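Data file: target_28.cif. Format and content: mmCIF, C-alpha atoms.
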```cif
data_upload
loop_
_atom_site.label_atom_id
_atom_site.label_comp_id
_atom_site.auth_asym_id
_atom_site.auth_seq_id
_atom_site.Cartn_x
_atom_site.Cartn_y
_atom_site.Cartn_z
CA MET A 1 25.24 81.74 25.57
CA SER A 2 23.46 84.68 23.99
CA ARG A 3 21.79 84.18 20.66
CA ARG A 4 22.93 86.78 18.16
CA VAL A 5 21.13 85.59 15.11
CA LYS A 6 18.00 86.51 13.24
CA ARG A 7 15.61 83.62 12.85
CA PRO A 8 12.87 83.23 10.26
CA LEU A 9 9.32 83.45 11.41
CA ARG A 10 7.85 80.00 12.16
CA PRO A 11 4.44 79.08 10.76
CA ALA A 12 1.57 79.27 13.22
CA GLY A 13 1.59 76.26 15.49
CA ASP A 14 5.21 75.37 14.68
CA ARG A 15 7.69 75.04 17.52
CA PRO A 16 11.36 74.23 18.10
CA LYS A 17 12.39 70.61 17.72
CA GLY A 18 12.04 68.80 21.02
CA ALA A 19 9.86 71.51 22.59
CA ARG A 20 6.53 70.66 24.13
CA PRO A 21 3.71 73.16 23.73
CA TYR A 22 2.48 75.25 26.60
CA ARG A 23 -0.64 73.46 27.83
CA GLY A 24 -2.76 76.59 27.70
CA SER A 25 -2.30 76.93 23.96
CA GLN A 26 -4.89 74.24 23.20
CA ALA A 27 -7.73 76.27 24.63
CA GLU A 28 -5.96 79.64 24.67
CA ARG A 29 -5.82 79.57 28.44
CA PRO A 30 -3.42 78.18 31.05
CA PRO A 31 -3.96 75.18 33.35
CA ALA A 32 -5.21 77.47 36.11
CA HIS A 33 -8.51 77.58 34.22
CA ARG A 34 -8.81 73.81 33.71
CA PRO A 35 -9.46 72.19 37.10
CA GLY A 36 -8.19 68.65 37.32
CA GLY A 37 -5.88 69.00 34.32
CA LYS A 38 -2.34 67.70 34.69
CA PRO A 39 0.46 70.24 34.34
CA ALA A 40 2.50 70.24 31.16
CA ALA A 41 5.91 68.64 31.11
CA ARG A 42 8.26 71.38 32.14
CA PHE A 43 11.33 70.66 30.07
CA ALA A 44 12.34 69.23 26.75
CA ALA A 45 15.28 66.92 26.35
CA SER A 46 17.46 69.76 25.09
CA PRO A 47 17.08 73.48 24.43
CA PRO A 48 16.07 74.51 20.91
CA ARG A 49 18.94 75.45 18.63
CA ALA A 50 19.06 78.81 16.90
CA SER A 51 18.72 78.68 13.14
CA LYS A 52 21.24 80.13 10.72
CA HIS A 53 21.19 83.77 9.64
CA LEU A 54 18.21 84.69 7.55
CA VAL A 55 18.99 85.93 4.06
CA ALA A 56 16.98 89.11 3.79
CA GLU A 57 15.08 90.02 0.66
CA PRO A 58 16.40 92.95 -1.40
CA ALA A 59 15.78 96.16 0.50
CA LYS A 60 12.82 98.18 -0.67
CA VAL A 61 12.93 101.90 -1.10
CA ILE A 62 11.65 103.24 2.20
CA ALA A 63 10.54 106.80 2.66
CA GLU A 64 12.07 108.65 5.57
CA PRO A 65 9.63 109.98 8.19
CA PRO A 66 8.48 113.56 7.68
CA PRO A 67 10.86 116.23 9.02
CA LEU A 68 10.32 117.62 12.49
CA PRO A 69 7.87 120.55 12.53
CA THR A 70 9.49 123.99 12.63
CA LYS A 71 6.18 125.71 13.47
CA VAL A 72 3.41 125.04 15.95
CA GLN A 73 1.05 122.33 14.69
CA THR A 74 -2.00 120.50 15.99
CA VAL A 75 -2.49 116.78 15.34
CA VAL A 76 -5.33 114.40 16.18
CA VAL A 77 -4.79 111.16 18.11
CA THR A 78 -5.60 108.16 15.89
CA ALA A 79 -7.23 104.87 16.89
CA ASP A 80 -3.82 103.15 16.86
CA GLU A 81 -2.49 105.79 19.25
CA ASN A 82 -5.35 105.43 21.75
CA ASN A 83 -4.09 104.95 25.33
CA MET A 84 -0.48 105.80 24.38
CA ARG A 85 1.56 107.81 26.84
CA VAL A 86 2.34 111.36 25.74
CA ASP A 87 6.11 110.76 25.60
CA ARG A 88 5.73 107.56 23.58
CA PHE A 89 3.27 109.31 21.25
CA LEU A 90 5.94 111.90 20.47
CA GLU A 91 8.62 109.24 20.07
CA ALA A 92 6.42 107.31 17.62
CA ARG A 93 5.41 110.40 15.64
CA PHE A 94 8.89 111.92 15.55
CA PRO A 95 11.59 109.22 15.69
CA GLY A 96 14.97 110.70 16.54
CA LEU A 97 13.56 113.23 19.00
CA SER A 98 15.62 112.98 22.18
CA PHE A 99 14.13 112.02 25.52
CA SER A 100 15.47 115.21 27.11
CA HIS A 101 13.81 117.38 24.45
CA ILE A 102 10.46 115.63 24.98
CA GLN A 103 10.69 116.15 28.73
CA ARG A 104 11.62 119.81 28.25
CA ILE A 105 8.65 120.77 26.06
CA VAL A 106 6.25 118.88 28.33
CA ARG A 107 7.69 120.42 31.50
CA LYS A 108 7.42 123.94 30.05
CA GLY A 109 3.79 123.36 29.05
CA GLU A 110 4.53 123.86 25.36
CA LEU A 111 2.71 120.62 24.51
CA ARG A 112 -1.03 120.70 25.21
CA VAL A 113 -3.81 118.13 24.92
CA ASN A 114 -7.24 119.62 24.16
CA GLY A 115 -5.81 122.97 25.23
CA LYS A 116 -4.56 121.78 28.62
CA ARG A 117 -1.07 121.10 29.93
CA ALA A 118 -0.11 117.43 29.92
CA ASP A 119 2.33 115.24 31.78
CA SER A 120 4.64 112.97 29.80
CA LYS A 121 3.02 109.89 31.42
CA ASP A 122 -0.57 110.94 30.70
CA ARG A 123 -2.53 108.61 28.41
CA LEU A 124 -4.02 109.95 25.19
CA GLU A 125 -7.47 109.12 23.82
CA GLU A 126 -8.53 108.76 20.22
CA GLY A 127 -9.78 112.05 18.76
CA GLN A 128 -7.93 114.33 21.19
CA SER A 129 -6.09 117.33 19.74
CA VAL A 130 -2.41 117.61 20.58
CA ARG A 131 -0.64 120.95 20.19
CA ILE A 132 3.00 120.33 19.25
CA PRO A 133 5.54 123.16 19.43
CA PRO A 134 8.48 123.53 17.03
CA LEU A 135 10.83 120.57 17.46
CA LYS A 136 14.48 120.02 16.69
CA LEU A 137 17.06 117.30 16.90
CA ASP A 138 19.96 117.85 19.27
CA THR A 139 22.80 119.59 17.49
CA PRO A 140 25.23 117.01 16.13
CA LYS A 141 28.71 117.10 17.53
CA GLY A 142 31.44 118.06 15.15
CA ALA A 143 33.53 115.33 13.60
CA GLY A 144 36.79 114.52 15.26
CA ALA A 145 38.41 112.24 17.75
CA LEU A 146 36.31 111.18 20.72
CA SER A 147 37.33 112.33 24.16
CA GLU A 148 38.75 109.79 26.58
CA ALA A 149 35.43 109.66 28.46
CA ALA A 150 33.45 109.18 25.23
CA THR A 151 35.82 106.43 24.10
CA LYS A 152 35.28 104.59 27.40
CA THR A 153 31.51 104.98 27.02
CA LEU A 154 31.64 103.61 23.47
CA GLN A 155 33.67 100.64 24.69
CA ALA A 156 31.17 100.03 27.52
CA LEU A 157 28.31 99.97 24.99
CA LYS A 158 30.27 97.57 22.79
CA GLU A 159 30.79 95.21 25.73
CA MET A 160 27.04 95.34 26.49
CA THR A 161 26.01 94.56 22.89
CA LEU A 162 24.36 91.18 22.29
CA PHE A 163 23.31 91.87 18.69
CA GLU A 164 23.91 94.70 16.23
CA ASP A 165 23.37 95.49 12.56
CA ALA A 166 22.80 98.67 10.55
CA ASP A 167 19.31 99.23 12.04
CA VAL A 168 19.14 97.61 15.45
CA MET A 169 21.12 96.99 18.64
CA VAL A 170 20.19 94.72 21.54
CA LEU A 171 22.07 95.61 24.71
CA ASN A 172 22.56 93.49 27.81
CA LYS A 173 21.75 96.19 30.34
CA PRO A 174 23.41 95.53 33.69
CA ALA A 175 21.44 95.76 36.92
CA GLY A 176 21.83 99.17 38.53
CA LEU A 177 22.22 101.13 35.29
CA ALA A 178 19.23 103.39 34.61
CA VAL A 179 17.75 103.44 31.11
CA GLN A 180 16.90 107.16 31.20
CA GLY A 181 17.76 110.17 33.32
CA GLY A 182 15.90 111.25 36.42
CA SER A 183 16.34 112.62 39.91
CA GLY A 184 19.65 111.48 41.38
CA ILE A 185 20.69 109.62 38.22
CA THR A 186 24.06 110.66 36.82
CA ARG A 187 24.59 107.90 34.23
CA ASN A 188 22.04 106.20 32.01
CA VAL A 189 21.81 104.32 28.72
CA ASP A 190 20.08 107.16 26.85
CA GLN A 191 22.93 109.49 27.81
CA MET A 192 25.56 106.90 26.84
CA LEU A 193 24.05 106.60 23.35
CA GLU A 194 25.00 110.24 22.69
CA VAL A 195 28.50 109.07 21.72
CA MET A 196 26.97 107.21 18.75
CA ARG A 197 25.44 110.24 17.00
CA ASP A 198 26.09 110.17 13.25
CA ALA A 199 26.98 113.03 10.90
CA LYS A 200 23.27 113.87 10.49
CA GLY A 201 22.79 114.24 14.23
CA GLN A 202 20.85 111.00 14.68
CA LYS A 203 21.66 108.86 17.67
CA PRO A 204 20.41 105.38 18.51
CA ARG A 205 17.17 105.64 20.45
CA LEU A 206 15.43 103.52 23.03
CA VAL A 207 12.44 101.50 21.84
CA HIS A 208 11.30 100.29 25.28
CA ARG A 209 12.48 100.50 28.89
CA LEU A 210 13.63 98.34 31.76
CA ASP A 211 13.59 99.16 35.46
CA ARG A 212 16.92 100.35 36.81
CA GLU A 213 17.57 97.14 38.79
CA THR A 214 16.34 94.80 36.03
CA SER A 215 19.07 93.42 33.80
CA GLY A 216 18.91 91.93 30.33
CA CYS A 217 17.74 92.58 26.77
CA LEU A 218 17.20 96.24 25.89
CA LEU A 219 16.23 97.03 22.30
CA VAL A 220 17.69 100.12 20.62
CA ALA A 221 16.93 101.51 17.14
CA LYS A 222 19.87 102.96 15.20
CA THR A 223 17.79 104.64 12.47
CA ARG A 224 14.53 106.57 12.31
CA PHE A 225 13.07 103.91 10.04
CA ALA A 226 13.89 101.16 12.53
CA ALA A 227 12.54 103.23 15.43
CA THR A 228 9.17 103.64 13.72
CA ALA A 229 8.92 99.95 12.80
CA LEU A 230 10.00 98.61 16.20
CA THR A 231 7.79 101.02 18.13
CA GLY A 232 4.88 99.83 15.99
CA SER A 233 5.70 96.20 16.81
CA PHE A 234 5.49 96.96 20.52
CA ARG A 235 2.26 98.90 20.08
CA HIS A 236 0.66 96.04 18.14
CA ARG A 237 2.08 93.43 20.55
CA SER A 238 4.03 91.54 17.91
CA ALA A 239 7.11 91.72 20.14
CA ARG A 240 7.57 88.80 22.54
CA LYS A 241 9.48 89.19 25.82
CA ILE A 242 10.48 86.45 28.25
CA TYR A 243 11.72 87.24 31.76
CA TRP A 244 13.30 85.03 34.43
CA ALA A 245 12.83 85.68 38.14
CA LEU A 246 13.54 84.07 41.49
CA VAL A 247 10.49 84.33 43.75
CA ALA A 248 9.60 83.54 47.34
CA GLY A 249 7.68 80.27 47.68
CA VAL A 250 6.32 78.11 44.86
CA PRO A 251 3.29 79.43 42.92
CA LYS A 252 0.29 77.12 42.61
CA PRO A 253 -0.73 76.20 40.03
CA LYS A 254 2.73 76.02 38.52
CA GLN A 255 1.51 77.60 35.28
CA GLY A 256 -1.04 80.36 35.10
CA ARG A 257 -2.27 83.74 33.98
CA ILE A 258 -2.39 86.89 36.09
CA SER A 259 -4.89 89.52 34.96
CA THR A 260 -5.45 92.72 36.95
CA TYR A 261 -5.76 96.45 36.62
CA LEU A 262 -2.77 98.47 37.82
CA ALA A 263 -2.66 102.12 38.86
CA LYS A 264 0.14 104.29 40.19
CA GLU A 265 -0.01 105.20 43.87
CA GLU A 266 2.04 108.25 44.82
CA SER A 267 3.44 109.03 48.26
CA GLU A 268 5.92 111.56 49.60
CA GLU A 269 8.72 108.99 49.67
CA ASP A 270 8.00 106.87 46.61
CA SER A 271 5.49 105.68 44.03
CA ILE A 272 4.36 102.12 43.39
CA MET A 273 1.87 100.32 41.17
CA ARG A 274 -1.13 98.96 43.08
CA VAL A 275 -3.77 96.49 41.98
CA ALA A 276 -6.85 98.55 41.11
CA LYS A 277 -10.40 98.03 39.88
CA HIS A 278 -11.68 98.52 36.37
CA GLY A 279 -12.71 102.15 36.03
CA ASP A 280 -10.39 103.47 38.75
CA GLU A 281 -8.58 106.65 37.78
CA GLY A 282 -5.35 105.85 35.95
CA ALA A 283 -5.98 102.09 36.02
CA SER A 284 -4.69 100.05 33.05
CA HIS A 285 -5.29 96.39 32.30
CA ALA A 286 -2.22 94.17 32.74
CA VAL A 287 -1.78 90.51 31.80
CA THR A 288 1.15 88.21 32.64
CA TYR A 289 1.69 84.50 32.01
CA TYR A 290 4.00 82.61 34.37
CA ALA A 291 5.45 79.11 34.65
CA VAL A 292 7.57 77.53 37.39
CA VAL A 293 10.78 76.21 35.82
CA GLU A 294 12.46 74.73 38.89
CA THR A 295 12.23 74.94 42.68
CA SER A 296 14.58 74.99 45.64
CA ALA A 297 12.76 72.98 48.33
CA GLN A 298 9.52 74.93 48.82
CA LYS A 299 11.19 78.20 49.77
CA LEU A 300 12.16 79.54 46.35
CA ALA A 301 11.11 79.09 42.72
CA TRP A 302 12.70 79.98 39.41
CA VAL A 303 9.83 81.41 37.38
CA SER A 304 9.57 82.27 33.70
CA LEU A 305 7.36 85.28 32.98
CA LYS A 306 5.75 86.52 29.80
CA PRO A 307 4.11 89.95 29.94
CA VAL A 308 1.37 90.44 27.35
CA THR A 309 1.02 94.12 28.26
CA GLY A 310 3.86 96.44 29.25
CA ARG A 311 2.82 98.37 32.35
CA THR A 312 5.26 99.99 34.76
CA HIS A 313 6.57 97.44 37.29
CA GLN A 314 4.01 94.96 35.93
CA LEU A 315 5.90 91.74 36.67
CA ARG A 316 7.03 92.91 40.10
CA ALA A 317 3.52 94.01 41.12
CA HIS A 318 1.88 90.87 39.69
CA MET A 319 4.18 88.43 41.49
CA ALA A 320 3.66 90.27 44.77
CA HIS A 321 -0.10 90.21 44.10
CA ILE A 322 -0.14 86.39 43.98
CA ASP A 323 2.00 86.31 47.17
CA HIS A 324 5.21 85.25 45.45
CA ALA A 325 7.22 88.46 45.37
CA ILE A 326 10.51 88.60 43.46
CA VAL A 327 13.55 88.12 45.69
CA GLY A 328 15.41 91.34 46.44
CA ASP A 329 12.63 93.67 45.27
CA PRO A 330 12.85 96.79 47.46
CA LYS A 331 9.38 98.05 46.45
CA TYR A 332 7.14 94.99 46.28
CA PHE A 333 8.64 92.26 48.48
CA ASN A 334 5.83 91.74 50.99
CA LYS A 335 6.72 88.51 52.83
CA GLU A 336 6.88 89.04 56.59
CA ASN A 337 9.40 87.13 58.71
CA TRP A 338 11.06 85.84 55.56
CA ASP A 339 14.83 85.34 55.66
CA LEU A 340 17.00 85.49 52.57
CA PRO A 341 18.86 82.18 52.22
CA GLY A 342 22.54 82.42 53.05
CA GLY A 343 24.81 83.46 50.19
CA LEU A 344 22.11 85.13 48.11
CA GLN A 345 22.50 88.84 47.47
CA ASN A 346 19.59 91.09 48.43
CA ARG A 347 19.24 92.49 44.90
CA LEU A 348 16.35 92.28 42.44
CA HIS A 349 16.37 88.83 40.85
CA LEU A 350 14.69 89.76 37.56
CA LEU A 351 16.20 89.28 34.10
CA ALA A 352 14.82 90.37 30.72
CA ARG A 353 15.95 87.01 29.38
CA ARG A 354 14.83 87.06 25.75
CA ILE A 355 13.28 89.31 23.11
CA VAL A 356 11.77 88.16 19.82
CA ILE A 357 10.55 90.86 17.43
CA PRO A 358 10.15 91.28 13.65
CA HIS A 359 13.20 92.92 12.10
CA PRO A 360 12.31 96.20 10.35
CA ARG A 361 13.71 94.91 7.05
CA GLY A 362 12.43 91.33 7.24
CA GLY A 363 13.07 88.25 9.31
CA VAL A 364 13.13 88.10 13.11
CA ILE A 365 15.42 89.39 15.83
CA ASP A 366 15.73 86.72 18.52
CA VAL A 367 18.24 87.46 21.30
CA SER A 368 18.80 86.05 24.79
CA ALA A 369 20.76 87.57 27.67
CA PRO A 370 22.79 85.60 30.23
CA LEU A 371 22.07 85.69 33.95
CA PRO A 372 23.70 88.72 35.60
CA PRO A 373 26.44 87.93 38.18
CA HIS A 374 24.23 88.16 41.28
CA MET A 375 21.55 85.89 39.76
CA LEU A 376 24.09 83.41 38.42
CA GLN A 377 25.56 83.21 41.92
CA SER A 378 22.08 82.42 43.32
CA TRP A 379 21.36 79.82 40.62
CA ASN A 380 24.68 78.08 41.39
CA LEU A 381 24.13 78.16 45.16
CA LEU A 382 20.62 76.72 44.77
CA GLY A 383 21.64 74.13 42.20
CA LEU A 384 19.31 75.52 39.50
CA GLU A 385 20.21 74.55 35.92
CA HIS A 386 20.05 77.75 33.89
CA ASP A 387 20.48 76.02 30.53
CA ARG A 388 17.15 74.18 30.73
CA PHE A 389 14.40 74.73 28.17
CA ASP A 390 12.08 77.62 28.99
CA PRO A 391 8.56 76.18 29.52
CA ILE A 392 6.72 79.41 28.82
CA GLU A 393 8.17 80.01 25.36
CA ASN A 394 4.99 78.93 23.60
CA ALA A 395 2.49 80.57 25.93
CA PRO A 396 -0.58 82.06 24.21
CA GLU A 397 -0.34 85.68 23.14
CA GLU A 398 -3.61 86.86 24.66
#
```
Just give me the structure as structure tokens.
Amino acid sequence: MSRRVKRPLRPAGDRPKGARPYRGSQAERPPAHRPGGKPAARFAASPPRASKHLVAEPAKVIAEPPPLPTKVQTVVVTADENNMRVDRFLEARFPGLSFSHIQRIVRKGELRVNGKRADSKDRLEEGQSVRIPPLKLDTPKGAGALSEAATKTLQALKEMTLFEDADVMVLNKPAGLAVQGGSGITRNVDQMLEVMRDAKGQKPRLVHRLDRETSGCLLVAKTRFAATALTGSFRHRSARKIYWALVAGVPKPKQGRISTYLAKEESEEDSIMRVAKHGDEGASHAVTYYAVVETSAQKLAWVSLKPVTGRTHQLRAHMAHIDHAIVGDPKYFNKENWDLPGGLQNRLHLLARRIVIPHPRGGVIDVSAPLPPHMLQSWNLLGLEHDRFDPIENAPEE
């Protein structure tokens, strides 16, 4: 079942009752770097129980972010903003600014970096000057009854909600639903959130993204204050994400760390992330911890994944890189003469299982998503026990 509670932060080194620590934590590195070491016990006797709701401290008076600029302004990229994408830089600086508005000003060349046009996915460097045109929030819709279509959308969002309070929502995004708009996409989460605009014109906004075919926990901020705080948590890596995947073969060692550089490779038909070298154009460092939870003979493995960084397609590219591609991945599955076991659907078997992040007003948001239907079907067919303890929960952060 999904956890819908906020849990207090645990002291450093503390862990759930019955849980065994990830072996790598003793030396801040996984068993792959300790030849001859025995692997850690994979499961505890029972999964950790969620604690009761945290009683928050009295709310402090919090200043609202500065209003959106109505005139052209130039700002300088700070050290904390180094290596941020242009679109995420704008989202962090101006919470509440819609994705479509960001894309529009970038596409028209109204936003410039050191006097030059920039793409929304370009990375900024500390000290660069960014010209920002006048900005505005989308015009709020007048009060009144929702249309039939909007009512259905609101109901769909309600059914997807795993956790919600005045500041934050965690949605269980289904596989196949895009997070944002793009070529050929007619329905996406960002568009659906339009029905939740308040009287001031603010709508809930995305804090991070998931691939279209990845299901699971998607964090959404309902206020500008929450958006700023949660975006900062991701930037400073105080958010923890756990993914589950079904992969071809059984990785050896069964627990390890994948560290590469990734760069986008464009082609006429598609674009993928390739493993690159340090210093290659557009290459960014990416780190993932993995642990085998359970296996099905030697053909398939249920793997728990913990990304330290958040690069595009990072988990998919990393698992393919170590020759254990995720089952059903149309971009990165690279196993020749490999047959999908009977009964399994040829869909991406990747779930954003759990997210743990400081709540903007104190305490911790800790939410888990259930297996989507196609993955649950595979787990049942293979006899995998999806209620077992996750062995990578206490993996080191760096």
Item to check | Expected selection from the PyMOL selection byres ((chain A and resi 378) around 10), given as a list in words | outcome: Leu246, Pro341, Gly342, Gly343, Leu344, Gln345, His349, Leu371, Pro373, His374, Met375, Leu376, Gln377, Trp379, Asn380, Leu381, Leu382, Gly383 and Leu384 of chain A
With C-alpha atoms retained, write the just-selected residues as a tab-separated table (two decimals), in the coordinates of the input.
```
chain	number	residue	atom	x	y	z
A	246	LEU	CA	13.54	84.07	41.49
A	341	PRO	CA	18.86	82.18	52.22
A	342	GLY	CA	22.54	82.42	53.05
A	343	GLY	CA	24.81	83.46	50.19
A	344	LEU	CA	22.11	85.13	48.11
A	345	GLN	CA	22.50	88.84	47.47
A	349	HIS	CA	16.37	88.83	40.85
A	371	LEU	CA	22.07	85.69	33.95
A	373	PRO	CA	26.44	87.93	38.18
A	374	HIS	CA	24.23	88.16	41.28
A	375	MET	CA	21.55	85.89	39.76
A	376	LEU	CA	24.09	83.41	38.42
A	377	GLN	CA	25.56	83.21	41.92
A	379	TRP	CA	21.36	79.82	40.62
A	380	ASN	CA	24.68	78.08	41.39
A	381	LEU	CA	24.13	78.16	45.16
A	382	LEU	CA	20.62	76.72	44.77
A	383	GLY	CA	21.64	74.13	42.20
A	384	LEU	CA	19.31	75.52	39.50
```
Checklist entry - So which one's closest to A:Asn172, A:Arg347, A:His359, A:Arg353, A:Lys222? Using only C-alpha atoms, please. => result A:Arg353
Item to check | Which residue of A:Ala156, A:Ala79, A:Val275, A:Val293 approaches A:Gly127 most closely, using only C-alpha atoms | outcome: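 Distance minimum relative to A:Gly127 lands on A:Ala79.
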Checklist entry - Given the file above and the PyMOL selection byres ((chain A and resi 181-191) around 9), which residues are selected, and can you give them as a VMD selection string? => result chain A and resid 98 to 100 157 173 177 to 180 192 to 195 204 to 206
Item to check | Nearest to A:Asp165, chosen from A:Lys121, A:Arg388, A:Lys299, A:Arg361, with all atoms listed in the file counted in the distances | outcome: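 The answer is A:Arg361, which sits nearest to A:Asp165.
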Checklist entry - So which residues get picked by the PyMOL selection byres ((chain A and resi 105-120) around 9) here, written as a PyMOL selection string? => result chain A and resi 85-88+100-104+121-124+128-133+135
Item to check | Atom pair atom CA of A:Leu218 / atom CA of A:Glu393: separation (Å) | outcome: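 Separation of atom CA of A:Leu218 and atom CA of A:Glu393: 18.6 Å.
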Checklist entry - Which of these, A:Gln73, A:Thr214, A:Thr295, A:Asn346, has the shortest distance to A:Glu385 once you count only C-alpha atoms? => result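 Looking at the shortest contact to A:Glu385, the residue is A:Thr295.
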Checklist entry - With all atoms listed in the file as the basis for distance, which of A:Thr288, A:Ser233, A:Gln314, A:Thr161 is at the shortest distance from A:Ile258? => result A:Thr288
Next on the checklist: Would you pick out the contacts of A:Ala325 at 9 Å or less, using only C-alpha atoms, so that residues sharing its chain but fewer than 2 positions from it are not included, and give the list as a PyMOL selection string?
Outcome noted: chain A and resi 246-249+316-323+327-329+332-335
Selection to disk with C-alpha atoms, as a PDB file, keeping the file's coordinate frame:
```pdb
ATOM      1  CA  LEU A 246      13.540  84.070  41.490  1.00  0.00           C
ATOM      2  CA  VAL A 247      10.490  84.330  43.750  1.00  0.00           C
ATOM      3  CA  ALA A 248       9.600  83.540  47.340  1.00  0.00           C
ATOM      4  CA  GLY A 249       7.680  80.270  47.680  1.00  0.00           C
ATOM      5  CA  ARG A 316       7.030  92.910  40.100  1.00  0.00           C
ATOM      6  CA  ALA A 317       3.520  94.010  41.120  1.00  0.00           C
ATOM      7  CA  HIS A 318       1.880  90.870  39.690  1.00  0.00           C
ATOM      8  CA  MET A 319       4.180  88.430  41.490  1.00  0.00           C
ATOM      9  CA  ALA A 320       3.660  90.270  44.770  1.00  0.00           C
ATOM     10  CA  HIS A 321      -0.100  90.210  44.100  1.00  0.00           C
ATOM     11  CA  ILE A 322      -0.140  86.390  43.980  1.00  0.00           C
ATOM     12  CA  ASP A 323       2.000  86.310  47.170  1.00  0.00           C
ATOM     13  CA  VAL A 327      13.550  88.120  45.690  1.00  0.00           C
ATOM     14  CA  GLY A 328      15.410  91.340  46.440  1.00  0.00           C
ATOM     15  CA  ASP A 329      12.630  93.670  45.270  1.00  0.00           C
ATOM     16  CA  TYR A 332       7.140  94.990  46.280  1.00  0.00           C
ATOM     17  CA  PHE A 333       8.640  92.260  48.480  1.00  0.00           C
ATOM     18  CA  ASN A 334       5.830  91.740  50.990  1.00  0.00           C
ATOM     19  CA  LYS A 335       6.720  88.510  52.830  1.00  0.00           C
TER      20      LYS A 335
END
```
Next on the checklist: Between atom CA of A:Ala286 and atom CA of A:Leu219, what is the distance in Å, rounded to a tenth?
Outcome noted: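 Atom-to-atom, atom CA of A:Ala286 to atom CA of A:Leu219, that is 21.4 Å.
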Checklist entry - What is the distance, in Å and to one decimal place, between atom CA of A:Ala221 and atom CA of A:Lys306? => result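 That distance, rounded to one decimal, is 22.6 Å.
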Checklist entry - Which residue out of A:Val220, A:Ala276, A:Ile392, A:Ala150 has the minimum interatomic distance to A:Ala166 when all atoms listed in the file are used? => result A:Val220
